[in-house]
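First the structure, in the form of C-alpha cells, and then the observations on it.
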Amino acid sequence: MSVLIDPPAWPGPRGLLWSHLVSDTSVEELHAFAEALGVPRRAFDRDHYDVPETVYARAVALGAEEVPSRELVARLTAAGLRRRRIRDGSDSPA
C-alpha cells in the first residue's frame, strides 16, 4: 500500500488546517483507504482527498506514509496519477 499524507498546513473550512491524502498506486486504493478512514467521497478532488487535521493521526495509524507536500506531488506525478485542473479560458481577460 502506498497511501501518502502531507502535514496539515492548508487553511480550510471550520478554521482547521488540512492535508492531502493520495495514493501513488491507484485511485481505487485511495478510495478504499479514505473509506476505512471515514472520509466522505465528497472530499475527493481530482486525484486527492482533502482531510482535516483531526484525522491526520488516525490516517498515519492506518498506514498512510507521512511525507512533505513536495514529495507527495512528485510521487503522485511520477506514478502518472496527477490530474491537473483543466482551464477553459473563461477566466482570461477579454
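How things are named: the first chain in the C-alpha cells is A, the next is B, and so on; residues count from 1 in each chain; ligands count from 1 in the order shown.
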Residues within 6 Å of range 37-54 of chain A, only C-alpha atoms, excluding chain neighbours under 3 positions, as a PDB file with all heavy atoms, in the first residue's frame:
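Ended up saving to around29.pdb:
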```
ATOM      1  N   PRO A   8      -0.688  18.706   7.937  1.00  0.00           N
ATOM      2  CA  PRO A   8      -1.798  19.657   7.879  1.00  0.00           C
ATOM      3  C   PRO A   8      -1.245  21.084   7.881  1.00  0.00           C
ATOM      4  O   PRO A   8      -0.732  21.552   8.887  1.00  0.00           O
ATOM      5  CB  PRO A   8      -2.612  19.380   9.142  1.00  0.00           C
ATOM      6  CG  PRO A   8      -1.905  18.333   9.908  1.00  0.00           C
ATOM      7  CD  PRO A   8      -0.678  17.939   9.169  1.00  0.00           C
ATOM      8  N   LEU A  17      -6.654  23.238   9.814  1.00  0.00           N
ATOM      9  CA  LEU A  17      -5.630  23.035   8.795  1.00  0.00           C
ATOM     10  C   LEU A  17      -5.914  21.708   8.118  1.00  0.00           C
ATOM     11  O   LEU A  17      -6.399  20.763   8.749  1.00  0.00           O
ATOM     12  CB  LEU A  17      -4.234  23.033   9.431  1.00  0.00           C
ATOM     13  CG  LEU A  17      -3.794  24.364  10.029  1.00  0.00           C
ATOM     14  CD1 LEU A  17      -2.433  24.212  10.704  1.00  0.00           C
ATOM     15  CD2 LEU A  17      -3.759  25.453   8.978  1.00  0.00           C
ATOM     16  N   TRP A  18      -5.584  21.613   6.822  1.00  0.00           N
ATOM     17  CA  TRP A  18      -5.937  20.448   6.033  1.00  0.00           C
ATOM     18  C   TRP A  18      -4.716  19.822   5.394  1.00  0.00           C
ATOM     19  O   TRP A  18      -3.721  20.496   5.115  1.00  0.00           O
ATOM     20  CB  TRP A  18      -6.964  20.834   4.967  1.00  0.00           C
ATOM     21  CG  TRP A  18      -8.268  21.230   5.593  1.00  0.00           C
ATOM     22  CD1 TRP A  18      -8.507  22.353   6.328  1.00  0.00           C
ATOM     23  CD2 TRP A  18      -9.482  20.499   5.590  1.00  0.00           C
ATOM     24  NE1 TRP A  18      -9.804  22.359   6.777  1.00  0.00           N
ATOM     25  CE2 TRP A  18     -10.424  21.233   6.332  1.00  0.00           C
ATOM     26  CE3 TRP A  18      -9.868  19.301   5.022  1.00  0.00           C
ATOM     27  CZ2 TRP A  18     -11.727  20.803   6.531  1.00  0.00           C
ATOM     28  CZ3 TRP A  18     -11.173  18.872   5.213  1.00  0.00           C
ATOM     29  CH2 TRP A  18     -12.092  19.612   5.962  1.00  0.00           C
ATOM     30  N   SER A  19      -4.804  18.527   5.159  1.00  0.00           N
ATOM     31  CA  SER A  19      -3.772  17.734   4.497  1.00  0.00           C
ATOM     32  C   SER A  19      -4.321  17.193   3.191  1.00  0.00           C
ATOM     33  O   SER A  19      -5.537  17.194   2.965  1.00  0.00           O
ATOM     34  CB  SER A  19      -3.382  16.528   5.365  1.00  0.00           C
ATOM     35  OG  SER A  19      -2.783  16.935   6.561  1.00  0.00           O
ATOM     36  N   HIS A  20      -3.414  16.685   2.370  1.00  0.00           N
ATOM     37  CA  HIS A  20      -3.795  15.988   1.147  1.00  0.00           C
ATOM     38  C   HIS A  20      -3.484  14.509   1.341  1.00  0.00           C
ATOM     39  O   HIS A  20      -2.410  14.162   1.821  1.00  0.00           O
ATOM     40  CB  HIS A  20      -3.006  16.518  -0.051  1.00  0.00           C
ATOM     41  CG  HIS A  20      -3.251  17.967  -0.296  1.00  0.00           C
ATOM     42  ND1 HIS A  20      -2.315  18.925   0.029  1.00  0.00           N
ATOM     43  CD2 HIS A  20      -4.319  18.618  -0.792  1.00  0.00           C
ATOM     44  CE1 HIS A  20      -2.800  20.116  -0.287  1.00  0.00           C
ATOM     45  NE2 HIS A  20      -4.018  19.957  -0.788  1.00  0.00           N
ATOM     46  N   LEU A  21      -4.414  13.671   0.967  1.00  0.00           N
ATOM     47  CA  LEU A  21      -4.267  12.225   1.059  1.00  0.00           C
ATOM     48  C   LEU A  21      -4.279  11.686  -0.363  1.00  0.00           C
ATOM     49  O   LEU A  21      -5.229  11.952  -1.113  1.00  0.00           O
ATOM     50  CB  LEU A  21      -5.430  11.648   1.865  1.00  0.00           C
ATOM     51  CG  LEU A  21      -5.398  10.162   2.195  1.00  0.00           C
ATOM     52  CD1 LEU A  21      -4.334   9.879   3.254  1.00  0.00           C
ATOM     53  CD2 LEU A  21      -6.775   9.720   2.705  1.00  0.00           C
ATOM     54  N   VAL A  22      -3.229  10.970  -0.764  1.00  0.00           N
ATOM     55  CA  VAL A  22      -3.120  10.443  -2.129  1.00  0.00           C
ATOM     56  C   VAL A  22      -2.618   9.001  -2.087  1.00  0.00           C
ATOM     57  O   VAL A  22      -2.105   8.533  -1.075  1.00  0.00           O
ATOM     58  CB  VAL A  22      -2.160  11.278  -3.019  1.00  0.00           C
ATOM     59  CG1 VAL A  22      -2.539  12.738  -3.009  1.00  0.00           C
ATOM     60  CG2 VAL A  22      -0.719  11.097  -2.605  1.00  0.00           C
ATOM     61  N   ALA A  34      -9.595   5.934   2.121  1.00  0.00           N
ATOM     62  CA  ALA A  34     -10.425   7.037   2.613  1.00  0.00           C
ATOM     63  C   ALA A  34     -11.702   6.504   3.267  1.00  0.00           C
ATOM     64  O   ALA A  34     -12.132   7.010   4.308  1.00  0.00           O
ATOM     65  CB  ALA A  34     -10.754   7.995   1.480  1.00  0.00           C
ATOM     66  N   ARG A  83      -3.693  14.626 -11.666  1.00  0.00           N
ATOM     67  CA  ARG A  83      -4.715  15.165 -12.569  1.00  0.00           C
ATOM     68  C   ARG A  83      -4.839  16.655 -12.311  1.00  0.00           C
ATOM     69  O   ARG A  83      -5.380  17.068 -11.309  1.00  0.00           O
ATOM     70  CB  ARG A  83      -6.053  14.482 -12.341  1.00  0.00           C
ATOM     71  CG  ARG A  83      -6.006  13.000 -12.684  1.00  0.00           C
ATOM     72  CD  ARG A  83      -7.356  12.381 -12.545  1.00  0.00           C
ATOM     73  NE  ARG A  83      -8.343  13.208 -13.230  1.00  0.00           N
ATOM     74  CZ  ARG A  83      -9.047  12.814 -14.278  1.00  0.00           C
ATOM     75  NH1 ARG A  83      -8.890  11.612 -14.760  1.00  0.00           N
ATOM     76  NH2 ARG A  83      -9.930  13.612 -14.828  1.00  0.00           N
TER      77      ARG A  83
END
```
Legend entry - DSSP-assigned strand (DSSP E or B) members of chain A, reported as number ranges by chain: A: 3-5, 10-11, 17-23, 44-45, 48-52, 65-66
Inset, instruction - Using DSSP on the backbone coordinates, identify the residues of chain A assigned to alpha helix (DSSP H); present them as a VMD selection string. - result: chain A and resid 27 to 37 56 to 61 69 to 78
Write out, as a compact mmCIF listing (two decimals), in the first residue's frame, the residues just selected, with N, CA, C and O atoms.
```
# COMPACT_ATOMS: atom_id res chain seq x y z
N VAL A 27 -6.11 4.99 -7.81
CA VAL A 27 -7.23 5.74 -7.25
C VAL A 27 -8.12 4.81 -6.44
O VAL A 27 -8.67 5.21 -5.41
N GLU A 28 -8.25 3.57 -6.88
CA GLU A 28 -9.06 2.60 -6.14
C GLU A 28 -8.51 2.38 -4.73
O GLU A 28 -9.29 2.31 -3.76
N GLU A 29 -7.19 2.27 -4.62
CA GLU A 29 -6.57 2.13 -3.31
C GLU A 29 -6.87 3.35 -2.45
O GLU A 29 -7.18 3.23 -1.26
N LEU A 30 -6.79 4.53 -3.04
CA LEU A 30 -7.06 5.76 -2.31
C LEU A 30 -8.50 5.80 -1.80
O LEU A 30 -8.74 6.12 -0.64
N HIS A 31 -9.45 5.46 -2.65
CA HIS A 31 -10.86 5.46 -2.23
C HIS A 31 -11.09 4.46 -1.10
O HIS A 31 -11.81 4.77 -0.13
N ALA A 32 -10.49 3.29 -1.19
CA ALA A 32 -10.66 2.27 -0.13
C ALA A 32 -10.07 2.76 1.19
O ALA A 32 -10.67 2.57 2.25
N PHE A 33 -8.91 3.40 1.13
CA PHE A 33 -8.28 3.91 2.34
C PHE A 33 -9.13 5.02 2.95
O PHE A 33 -9.36 5.04 4.17
N ALA A 34 -9.60 5.93 2.12
CA ALA A 34 -10.42 7.04 2.61
C ALA A 34 -11.70 6.50 3.27
O ALA A 34 -12.13 7.01 4.31
N GLU A 35 -12.29 5.48 2.67
CA GLU A 35 -13.50 4.89 3.25
C GLU A 35 -13.20 4.28 4.62
O GLU A 35 -13.94 4.49 5.57
N ALA A 36 -12.07 3.57 4.72
CA ALA A 36 -11.68 2.98 6.01
C ALA A 36 -11.41 4.07 7.05
O ALA A 36 -11.65 3.87 8.24
N LEU A 37 -10.95 5.21 6.59
CA LEU A 37 -10.64 6.34 7.46
C LEU A 37 -11.90 7.10 7.85
O LEU A 37 -11.90 7.87 8.79
N TYR A 56 -5.61 13.35 10.84
CA TYR A 56 -4.22 13.11 10.43
C TYR A 56 -3.59 11.93 11.19
O TYR A 56 -3.06 10.99 10.57
N ALA A 57 -3.64 11.95 12.50
CA ALA A 57 -3.01 10.88 13.30
C ALA A 57 -3.65 9.52 13.00
O ALA A 57 -2.94 8.51 12.93
N ARG A 58 -4.96 9.50 12.81
CA ARG A 58 -5.63 8.24 12.51
C ARG A 58 -5.21 7.71 11.14
O ARG A 58 -5.02 6.51 10.95
N ALA A 59 -5.02 8.61 10.16
CA ALA A 59 -4.55 8.19 8.83
C ALA A 59 -3.17 7.56 8.92
O ALA A 59 -2.92 6.52 8.31
N VAL A 60 -2.30 8.16 9.71
CA VAL A 60 -0.95 7.61 9.89
C VAL A 60 -1.02 6.26 10.60
O VAL A 60 -0.35 5.30 10.22
N ALA A 61 -1.88 6.17 11.61
CA ALA A 61 -2.04 4.90 12.35
C ALA A 61 -2.56 3.79 11.44
O ALA A 61 -2.20 2.62 11.61
N SER A 69 4.89 17.95 1.40
CA SER A 69 3.99 18.24 0.28
C SER A 69 4.67 18.07 -1.07
O SER A 69 4.09 17.50 -2.00
N ARG A 70 5.89 18.54 -1.21
CA ARG A 70 6.60 18.42 -2.49
C ARG A 70 6.82 16.96 -2.88
O ARG A 70 6.71 16.60 -4.04
N GLU A 71 7.16 16.14 -1.90
CA GLU A 71 7.36 14.72 -2.20
C GLU A 71 6.04 14.06 -2.59
O GLU A 71 6.00 13.24 -3.51
N LEU A 72 4.96 14.43 -1.90
CA LEU A 72 3.65 13.88 -2.23
C LEU A 72 3.30 14.17 -3.69
O LEU A 72 2.94 13.26 -4.44
N VAL A 73 3.47 15.41 -4.13
CA VAL A 73 3.16 15.78 -5.52
C VAL A 73 4.11 15.07 -6.48
O VAL A 73 3.68 14.56 -7.52
N ALA A 74 5.39 15.00 -6.14
CA ALA A 74 6.37 14.34 -7.02
C ALA A 74 6.04 12.86 -7.20
O ALA A 74 6.10 12.34 -8.32
N ARG A 75 5.68 12.18 -6.13
CA ARG A 75 5.36 10.76 -6.23
C ARG A 75 4.04 10.51 -6.96
O ARG A 75 3.92 9.57 -7.74
N LEU A 76 3.07 11.38 -6.76
CA LEU A 76 1.80 11.28 -7.47
C LEU A 76 2.02 11.49 -8.96
O LEU A 76 1.50 10.75 -9.79
N THR A 77 2.84 12.47 -9.31
CA THR A 77 3.14 12.76 -10.71
C THR A 77 3.94 11.61 -11.34
O THR A 77 3.62 11.17 -12.45
N ALA A 78 4.94 11.11 -10.64
CA ALA A 78 5.77 10.01 -11.16
C ALA A 78 4.94 8.76 -11.41
O ALA A 78 5.22 7.99 -12.33
```
Inset, instruction - Using CA of Pro7 in chain A and CA of Glu65 in chain A as the two end points, give the distance in Å to one decimal. - result: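 Separating CA of Pro7 in chain A from CA of Glu65 in chain A is a distance of 10.5 Å.
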Legend entry - One-decimal distance in Å that lies between CA of Val67 in chain A and CA of Asp6 in chain A: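 Calculated distance between CA of Asp6 in chain A and CA of Val67 in chain A is 5.2 Å.
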